[in-house]
Each structure stands twice: as C-alpha cells, then as structure tokens.
file work.cif (mmCIF, C-alpha atoms)
data_run
#
loop_
_atom_site.label_atom_id
_atom_site.label_comp_id
_atom_site.auth_asym_id
_atom_site.auth_seq_id
_atom_site.Cartn_x
_atom_site.Cartn_y
_atom_site.Cartn_z
CA MET A 975 -5.41 22.96 4.85
CA SER A 976 -4.92 20.00 2.51
CA HIS A 977 -7.34 17.64 0.81
CA VAL A 978 -6.28 14.04 1.51
CA ALA A 979 -7.72 11.16 -0.52
CA VAL A 980 -7.35 7.56 0.66
CA ILE A 981 -7.63 4.78 -1.92
CA ALA A 982 -8.21 1.41 -0.27
CA ALA A 983 -9.02 -2.08 -1.50
CA HIS A 984 -11.61 -2.91 1.19
CA PRO A 985 -13.50 -1.29 4.05
CA ASP A 986 -11.31 -1.40 7.20
CA ASP A 987 -7.98 -1.06 5.33
CA GLU A 988 -8.06 2.71 5.90
CA THR A 989 -8.32 2.25 9.66
CA MET A 990 -6.06 -0.76 10.18
CA PHE A 991 -3.20 0.81 8.23
CA ALA A 992 -3.58 4.57 8.75
CA GLY A 993 -6.43 5.23 11.18
CA GLY A 994 -4.45 7.22 13.72
CA THR A 995 -3.00 9.47 11.03
CA LEU A 996 -6.45 10.01 9.54
CA ALA A 997 -7.78 10.92 12.98
CA LYS A 998 -4.92 13.41 13.31
CA PHE A 999 -5.64 14.94 9.90
CA SER A 1000 -9.31 15.24 10.81
CA ALA A 1001 -8.51 16.94 14.12
CA GLU A 1002 -6.29 19.41 12.27
CA GLY A 1003 -9.10 20.34 9.88
CA HIS A 1004 -7.83 18.71 6.68
CA GLU A 1005 -10.45 17.62 4.17
CA LEU A 1006 -10.68 13.84 3.83
CA SER A 1007 -12.03 11.77 0.94
CA MET A 1008 -12.05 7.99 0.64
CA VAL A 1009 -12.20 5.80 -2.45
CA LEU A 1010 -13.05 2.12 -1.83
CA VAL A 1011 -12.40 -0.37 -4.62
CA THR A 1012 -14.92 -2.91 -3.23
CA ARG A 1013 -17.50 -3.13 -0.49
CA GLY A 1014 -15.66 -6.11 1.03
CA GLU A 1015 -18.39 -8.54 0.08
CA GLY A 1016 -15.93 -11.44 -0.09
CA GLY A 1017 -14.84 -11.21 3.55
CA GLU A 1018 -16.08 -12.72 6.79
CA VAL A 1019 -19.49 -12.10 8.35
CA GLY A 1020 -18.15 -12.05 11.89
CA GLU A 1021 -18.63 -14.04 15.11
CA PRO A 1022 -21.53 -13.77 15.79
CA PRO A 1023 -22.51 -13.00 12.20
CA VAL A 1024 -23.58 -9.41 11.47
CA GLY A 1025 -25.95 -10.84 8.85
CA PRO A 1026 -26.16 -13.31 5.99
CA LYS A 1027 -23.25 -13.67 3.60
CA GLU A 1028 -25.35 -12.49 0.66
CA ARG A 1029 -25.83 -9.11 2.38
CA LEU A 1030 -22.21 -8.66 3.46
CA GLY A 1031 -21.41 -5.99 0.88
CA GLU A 1032 -24.34 -3.89 2.04
CA LEU A 1033 -23.43 -4.42 5.69
CA ARG A 1034 -19.76 -3.60 5.22
CA GLU A 1035 -20.66 -0.49 3.26
CA ALA A 1036 -22.66 0.63 6.29
CA GLU A 1037 -19.65 -0.14 8.52
CA MET A 1038 -17.45 1.92 6.21
CA ARG A 1039 -19.87 4.83 6.36
CA CYS A 1040 -19.76 4.62 10.15
CA ALA A 1041 -15.95 4.78 10.13
CA ALA A 1042 -15.96 7.60 7.58
CA ALA A 1043 -18.25 9.59 9.87
CA VAL A 1044 -15.75 9.13 12.73
CA TYR A 1045 -13.06 10.74 10.56
CA GLY A 1046 -15.37 13.44 9.22
CA VAL A 1047 -14.93 12.24 5.64
CA ARG A 1048 -16.66 14.58 3.21
CA ARG A 1049 -16.70 12.32 0.16
CA LEU A 1050 -16.89 8.55 0.22
CA VAL A 1051 -16.73 6.80 -3.16
CA PHE A 1052 -17.24 3.09 -3.89
CA LEU A 1053 -15.86 2.07 -7.29
CA GLY A 1054 -18.23 -0.89 -7.44
CA PHE A 1055 -15.82 -3.76 -8.09
CA VAL A 1056 -16.77 -7.04 -6.42
CA ASP A 1057 -14.54 -8.51 -3.75
CA PRO A 1058 -14.06 -12.25 -4.50
CA ALA A 1059 -15.40 -14.58 -1.83
CA ILE A 1060 -12.86 -16.55 0.20
CA GLU A 1061 -13.20 -18.93 3.12
CA ILE A 1062 -11.22 -18.75 6.34
CA GLY A 1063 -7.71 -20.05 5.65
CA GLU A 1064 -7.89 -19.51 1.89
CA ARG A 1065 -5.45 -17.25 0.11
CA PRO A 1066 -6.77 -13.74 -0.63
CA LYS A 1067 -7.80 -12.89 -4.19
CA CYS A 1068 -7.99 -9.77 -6.32
CA ILE A 1069 -10.94 -8.42 -8.27
CA LYS A 1070 -11.80 -9.93 -11.65
CA ALA A 1071 -11.28 -6.77 -13.66
CA PRO A 1072 -8.68 -6.03 -16.36
CA LEU A 1073 -6.06 -3.50 -15.36
CA ASP A 1074 -7.20 -0.93 -17.92
CA VAL A 1075 -10.78 -1.02 -16.59
CA PHE A 1076 -9.56 -0.75 -13.00
CA VAL A 1077 -7.16 2.09 -13.80
CA ALA A 1078 -9.87 4.03 -15.63
CA ALA A 1079 -12.17 3.81 -12.60
CA VAL A 1080 -9.43 5.01 -10.21
CA ALA A 1081 -8.48 7.80 -12.62
CA ARG A 1082 -12.09 9.03 -12.84
CA ALA A 1083 -12.31 9.22 -9.06
CA LEU A 1084 -9.00 11.04 -8.71
CA ASP A 1085 -9.83 13.41 -11.55
CA GLU A 1086 -13.06 14.39 -9.80
CA LEU A 1087 -11.46 14.74 -6.36
CA ARG A 1088 -8.12 16.34 -7.37
CA PRO A 1089 -6.66 15.86 -3.86
CA ASP A 1090 -3.45 17.43 -2.59
CA VAL A 1091 -2.35 14.14 -1.00
CA VAL A 1092 -3.02 10.55 -2.09
CA MET A 1093 -2.60 7.70 0.41
CA THR A 1094 -2.79 4.04 -0.58
CA HIS A 1095 -1.37 0.53 -0.22
CA GLY A 1096 2.34 -0.25 -0.17
CA THR A 1097 4.60 -2.20 -2.50
CA ASN A 1098 4.22 -5.56 -0.75
CA GLY A 1099 0.47 -5.31 -0.25
CA GLU A 1100 1.05 -5.20 3.51
CA TYR A 1101 0.73 -8.95 4.13
CA GLY A 1102 0.89 -9.81 0.43
CA HIS A 1103 -2.80 -9.37 -0.33
CA PRO A 1104 -3.15 -9.49 -4.15
CA GLN A 1105 -5.88 -6.80 -4.20
CA HIS A 1106 -3.74 -4.45 -2.12
CA ILE A 1107 -0.93 -4.87 -4.65
CA TYR A 1108 -3.32 -4.50 -7.59
CA THR A 1109 -4.77 -1.34 -6.07
CA ARG A 1110 -1.34 0.23 -5.68
CA GLN A 1111 -0.57 -0.62 -9.32
CA ALA A 1112 -3.84 0.93 -10.48
CA VAL A 1113 -3.17 4.14 -8.52
CA TRP A 1114 0.25 4.49 -10.13
CA GLU A 1115 -1.18 3.95 -13.61
CA ALA A 1116 -4.06 6.34 -12.95
CA LEU A 1117 -1.65 9.07 -11.88
CA ARG A 1118 0.32 8.57 -15.07
CA MET A 1119 -2.91 8.80 -17.06
CA LEU A 1120 -3.85 12.10 -15.39
CA ARG A 1121 -0.58 13.91 -16.17
CA PRO A 1122 0.20 16.80 -16.14
CA TRP A 1123 -1.99 17.00 -13.03
CA ARG A 1124 -0.48 15.36 -9.99
CA PRO A 1125 -1.03 15.53 -6.23
CA GLN A 1126 1.46 17.35 -4.07
CA GLU A 1127 2.25 14.14 -2.18
CA LEU A 1128 1.88 10.42 -2.75
CA LEU A 1129 2.11 8.29 0.40
CA THR A 1130 1.92 4.56 1.05
CA TRP A 1131 1.20 3.20 4.50
CA CYS A 1132 2.80 0.45 6.63
CA ALA A 1133 6.27 1.49 5.52
CA ASN A 1134 9.40 -0.03 7.02
CA ALA A 1135 10.64 2.23 9.82
CA GLY A 1136 13.15 -0.37 11.06
CA THR A 1137 11.52 -0.82 14.45
CA ASN A 1138 8.46 -2.41 12.80
CA ALA A 1139 10.29 -4.49 10.19
CA GLU A 1140 9.08 -7.82 11.58
CA ASP A 1141 5.44 -6.80 11.87
CA ARG A 1142 3.37 -8.93 9.49
CA LEU A 1143 1.75 -5.83 7.96
CA THR A 1144 4.98 -4.00 7.18
CA ASN A 1145 5.82 -3.36 3.53
CA ARG A 1146 9.45 -4.35 3.90
CA ASP A 1147 10.46 -2.91 0.51
CA ASP A 1148 9.13 0.56 1.40
CA PRO A 1149 11.58 2.49 3.60
CA ALA A 1150 9.68 4.90 5.83
CA SER A 1151 9.97 8.60 5.06
CA TRP A 1152 8.21 9.45 8.31
CA SER A 1153 6.46 7.69 11.15
CA LEU A 1154 3.96 8.78 13.74
CA ASP A 1155 3.11 7.68 17.26
CA VAL A 1156 -0.68 7.92 17.00
CA THR A 1157 -1.36 7.58 20.74
CA PRO A 1158 -2.84 11.13 20.96
CA TRP A 1159 -5.40 10.17 18.27
CA PHE A 1160 -5.85 6.55 19.29
CA GLU A 1161 -9.43 6.97 20.51
CA GLY A 1162 -10.46 8.11 17.03
CA LYS A 1163 -8.73 5.14 15.43
CA LEU A 1164 -10.42 2.79 17.90
CA ALA A 1165 -13.84 4.33 17.31
CA ALA A 1166 -13.46 3.79 13.57
CA ALA A 1167 -12.19 0.23 14.06
CA LEU A 1168 -15.21 -0.59 16.22
CA CYS A 1169 -17.43 0.38 13.28
CA HIS A 1170 -16.01 -2.55 11.26
CA ARG A 1171 -17.87 -5.06 13.41
CA SER A 1172 -17.96 -7.88 10.86
CA GLN A 1173 -14.17 -8.02 10.86
CA HIS A 1174 -13.48 -8.03 14.61
CA ALA A 1175 -13.16 -11.80 14.95
CA MET A 1176 -10.72 -11.87 12.03
CA PHE A 1177 -8.71 -8.96 13.48
CA MET A 1178 -8.29 -10.72 16.82
CA ARG A 1179 -7.61 -14.14 15.30
CA ASN A 1180 -4.84 -12.81 13.05
CA SER A 1181 -3.26 -10.63 15.71
CA LYS A 1182 -3.74 -13.14 18.55
CA THR A 1183 -5.09 -10.39 20.81
CA PRO A 1184 -8.12 -10.46 23.13
CA ASP A 1185 -9.86 -7.33 21.85
CA VAL A 1186 -9.86 -4.77 19.06
CA ALA A 1187 -8.06 -2.08 21.06
CA SER A 1188 -5.15 -4.42 21.76
CA MET A 1189 -4.57 -5.27 18.11
CA LEU A 1190 -4.48 -1.68 16.80
CA ARG A 1191 -1.01 -0.37 16.11
CA ARG A 1192 0.15 2.86 17.69
CA LEU A 1193 3.01 3.40 15.23
CA GLU A 1194 2.06 4.31 11.68
CA ALA A 1195 4.81 4.73 9.09
CA PHE A 1196 4.61 6.03 5.54
CA ARG A 1197 6.75 6.16 2.44
CA ARG A 1198 6.67 9.43 0.51
CA TRP A 1199 7.16 8.74 -3.20
CA ASP A 1200 8.97 10.80 -5.80
CA LEU A 1201 6.27 12.46 -7.83
CA GLY A 1202 8.09 11.85 -11.09
CA ILE A 1203 5.33 9.29 -11.53
CA VAL A 1204 6.56 7.98 -14.86
CA ASP A 1205 9.74 6.75 -13.20
CA LEU A 1206 8.05 4.84 -10.40
CA ALA A 1207 8.30 1.05 -10.42
#
call {"tool": "encode", "arguments": {"input": "work.cif", "output": "structure tokens"}}
result
Amino acid sequence: MSHVAVIAAHPDDETMFAGGTLAKFSAEGHELSMVLVTRGEGGEVGEPPVGPKERLGELREAEMRCAAAVYGVRRLVFLGFVDPAIEIGERPKCIKAPLDVFVAAVARALDELRPDVVMTHGTNGEYGHPQHIYTRQAVWEALRMLRPWRPQELLTWCANAGTNAEDRLTNRDDPASWSLDVTPWFEGKLAAALCHRSQHAMFMRNSKTPDVASMLRRLEAFRRWDLGIVDLA
C-alpha cells in the first residue's frame, strides 16, 4: 500500500478536485495524509452563516477534520498561513508570505511525512486562483529542496482529459495522464463535501446547481509529472 499526501490551499479543495479518488484510495487501504496551507478563514460563512466571520478559520478547520475523517486520513497538518479575506465577487488572493518562507513550511511537512505520492493543484490553479498557483509553485520548490529524496509519483488534479476541457475547473495546460469515473466512490466524496457546510452556498452559486450532490464531478483527471523535479517548469 502507498502513502498519499495531499497538499491543498484551502479546506474543501481536496474534495472538490479529487474527492472521489481519495475515497477510492481510502477504500483500497492506502494511507492518506493532508497538508492544508490555510484554514480558509478568508472565505464565505455560508447561507445561513455557520458562525461569525471572525471564527471562520476555526469553523472551517472543524469542517476539514470532518472531511478528513470521512477519508480515514491519518495525519492532518495545517501550515498556519492566513487566507486573505475577500468579499463575494472579489478576485481571489494568495497568502501574504514570501516564497522562501512558504516553501520552507511545505518542505518541513513533506520531509516529516515522506509520502510515496504527492497530489496538489494544477498549473492553471484550476479556475486561476492565485493561492492554488502559489501552492503548486511552493510544492515544486520544496521537492527540489528535499533532493535526493523524492516521492514515487507527483500528481496534479483537474487535468485536461479532452472531454472536460471546457469545465471551468480544468487546468487546460495539464494534459491528463489518467482519469477516473468516481461513481463507485461517489457517496464518500459527497459525505466529505457535506462536511464543508460553510461553502455549500458558494458551491451551488458557482456551479448553478440546486444541491451539493449535483455540483460534484464524477470524472477526476490527473497529470503525472516527470520526477526529474529540477526540470519542471
């Protein structure tokens, strides 16, 4: 069995982008770890609100722990960076941390975990989110820093499988190495998504769907990267 570590910018990214695959890995007995850059304190509080804005980080951490329990995650790590606050309709922002500080934090987490597989954000930040892009960059730099150690596989989610090229979350510059119909593991993905209660209104607004189950994707595609890390763009 493999040890899979997910590195995500915010709580819910792991489920929205790779939840069915994580449910599959869990069912197969693989060890799962998750590293969260922020607690999502800059996001929305939900409709109706799950609590006051000033407690959102605490509340979303609890939501993340709920989702992690669904997947059977053994180690859940929060790096402690603060998610910048944005209002509905504003452009997303990235954390206010220099790259070297961010990279060092990611490298420490990876060095402690030493996973067989690393999964993270894609080249285009899915829908262009600056923190998704910054997280991918930090993972690449951290892997360079940790040489000669390297995972056996490096995967990025929401890859372009052709059939999903027009989906707003697809990383169009990342050709898919493999894709998975996650229907057999959909109930696990849905259970984890339901944990992220503060984000449900945003999910449905952005996807123009009536409920959380309807907006969850059943195709998950991944790019497998050449592990000659130094040569990666």
call {"tool": "closest_residue", "arguments": {"input": "work.cif", "among": "A:Leu1201, A:Val1075, A:Leu1190, A:Ala997", "to": "Leu1117 of chain A", "atoms": "only C-alpha atoms"}}
result
A:Leu1201
call {"tool": "atom_distance", "arguments": {"input": "work.cif", "atom1": "atom CA of Val980 of chain A", "atom2": "atom CA of Tyr1108 of chain A"}}
result
15.2 Å
call {"tool": "closest_atom_pairs", "arguments": {"input": "work.cif", "of": "segment 1096-1163 of chain A", "to": "segment 1167-1187 of chain A", "cutoff": "10 Å", "atoms": "all atoms listed in the file", "output": "Markdown table"}}
result
| residue | atom | partner | partner_atom | distance |
| --- | --- | --- | --- | --- |
| A:Arg1142 | CA | A:Ser1181 | CA | 9.2 |
| A:Phe1160 | CA | A:Ala1187 | CA | 9.1 |
| A:Glu1161 | CA | A:Ala1187 | CA | 9.2 |
| A:Gly1162 | CA | A:Ala1167 | CA | 8.6 |
| A:Lys1163 | CA | A:Ala1167 | CA | 6.2 |
call {"tool": "residues_around", "arguments": {"input": "work.cif", "residues": "Met1093 of chain A", "least_positions_apart": "4", "cutoff": "8 Å", "atoms": "all atoms listed in the file", "output": "count of residues only"}}
result
8
call {"tool": "resolve_selection", "arguments": {"input": "work.cif", "expression": "the PyMOL selection byres ((chain A and resi 1019) around 10)", "output": "list in words"}}
result
Glu1015, Gly1016, Gly1017, Glu1018, Gly1020, Glu1021, Pro1022, Pro1023, Val1024, Gly1025, Pro1026, Lys1027, Glu1028, Arg1029, Leu1030, Gly1031, Leu1033, Arg1034, Arg1171, Ser1172, Gln1173, His1174, Ala1175 and Met1176 of chain A
call {"tool": "closest_residue", "arguments": {"input": "work.cif", "among": "A:Ala1133, A:Trp1159, A:Asp1090, A:Ala1081", "to": "Arg1121 of chain A", "atoms": "only C-alpha atoms"}}
result
A:Ala1081
call {"tool": "residues_around", "arguments": {"input": "work.cif", "residues": "Glu1194 of chain A", "least_positions_apart": "4", "cutoff": "8 Å", "atoms": "all atoms listed in the file", "output": "list in words"}}
result
Phe991, Ala992, Gly994, Thr995, Trp1131, Cys1132, Ala1133, Ser1153, Leu1154, Asp1155 and Val1156 of chain A
call {"tool": "resolve_selection", "arguments": {"input": "work.cif", "expression": "the PyMOL selection byres ((chain A and resi 1074) around 12)", "output": "VMD selection string"}}
result
chain A and resid 1070 to 1073 1075 to 1081 1108 1111 to 1113 1115 to 1116 1119
call {"tool": "closest_atom_pairs", "arguments": {"input": "work.cif", "of": "segment 980-1088 of chain A", "to": "segment 1122-1125 of chain A", "cutoff": "10 Å", "atoms": "only C-alpha atoms", "output": "JSON lines"}}
result
{"residue": "A:Leu1084", "atom": "CA", "partner": "A:Pro1125", "partner_atom": "CA", "distance": 9.5}
{"residue": "A:Asp1085", "atom": "CA", "partner": "A:Trp1123", "partner_atom": "CA", "distance": 8.7}
{"residue": "A:Arg1088", "atom": "CA", "partner": "A:Pro1125", "partner_atom": "CA", "distance": 7.2}
call {"tool": "write_last_selection", "arguments": {"input": "work.cif", "atoms": "C-alpha atoms", "output": "short mmCIF file (atom, residue, chain, number, x, y, z; two decimals), in the frame of the given file"}}
result
data_model
loop_
_atom_site.label_atom_id
_atom_site.label_comp_id
_atom_site.auth_asym_id
_atom_site.auth_seq_id
_atom_site.Cartn_x
_atom_site.Cartn_y
_atom_site.Cartn_z
CA LEU A 1084 -9.00 11.04 -8.71
CA ASP A 1085 -9.83 13.41 -11.55
CA ARG A 1088 -8.12 16.34 -7.37
#
call {"tool": "closest_residue", "arguments": {"input": "work.cif", "among": "A:Leu1193, A:Leu1120, A:Met1038, A:Met1008", "to": "Pro1158 of chain A", "atoms": "only C-alpha atoms"}}
result
A:Leu1193
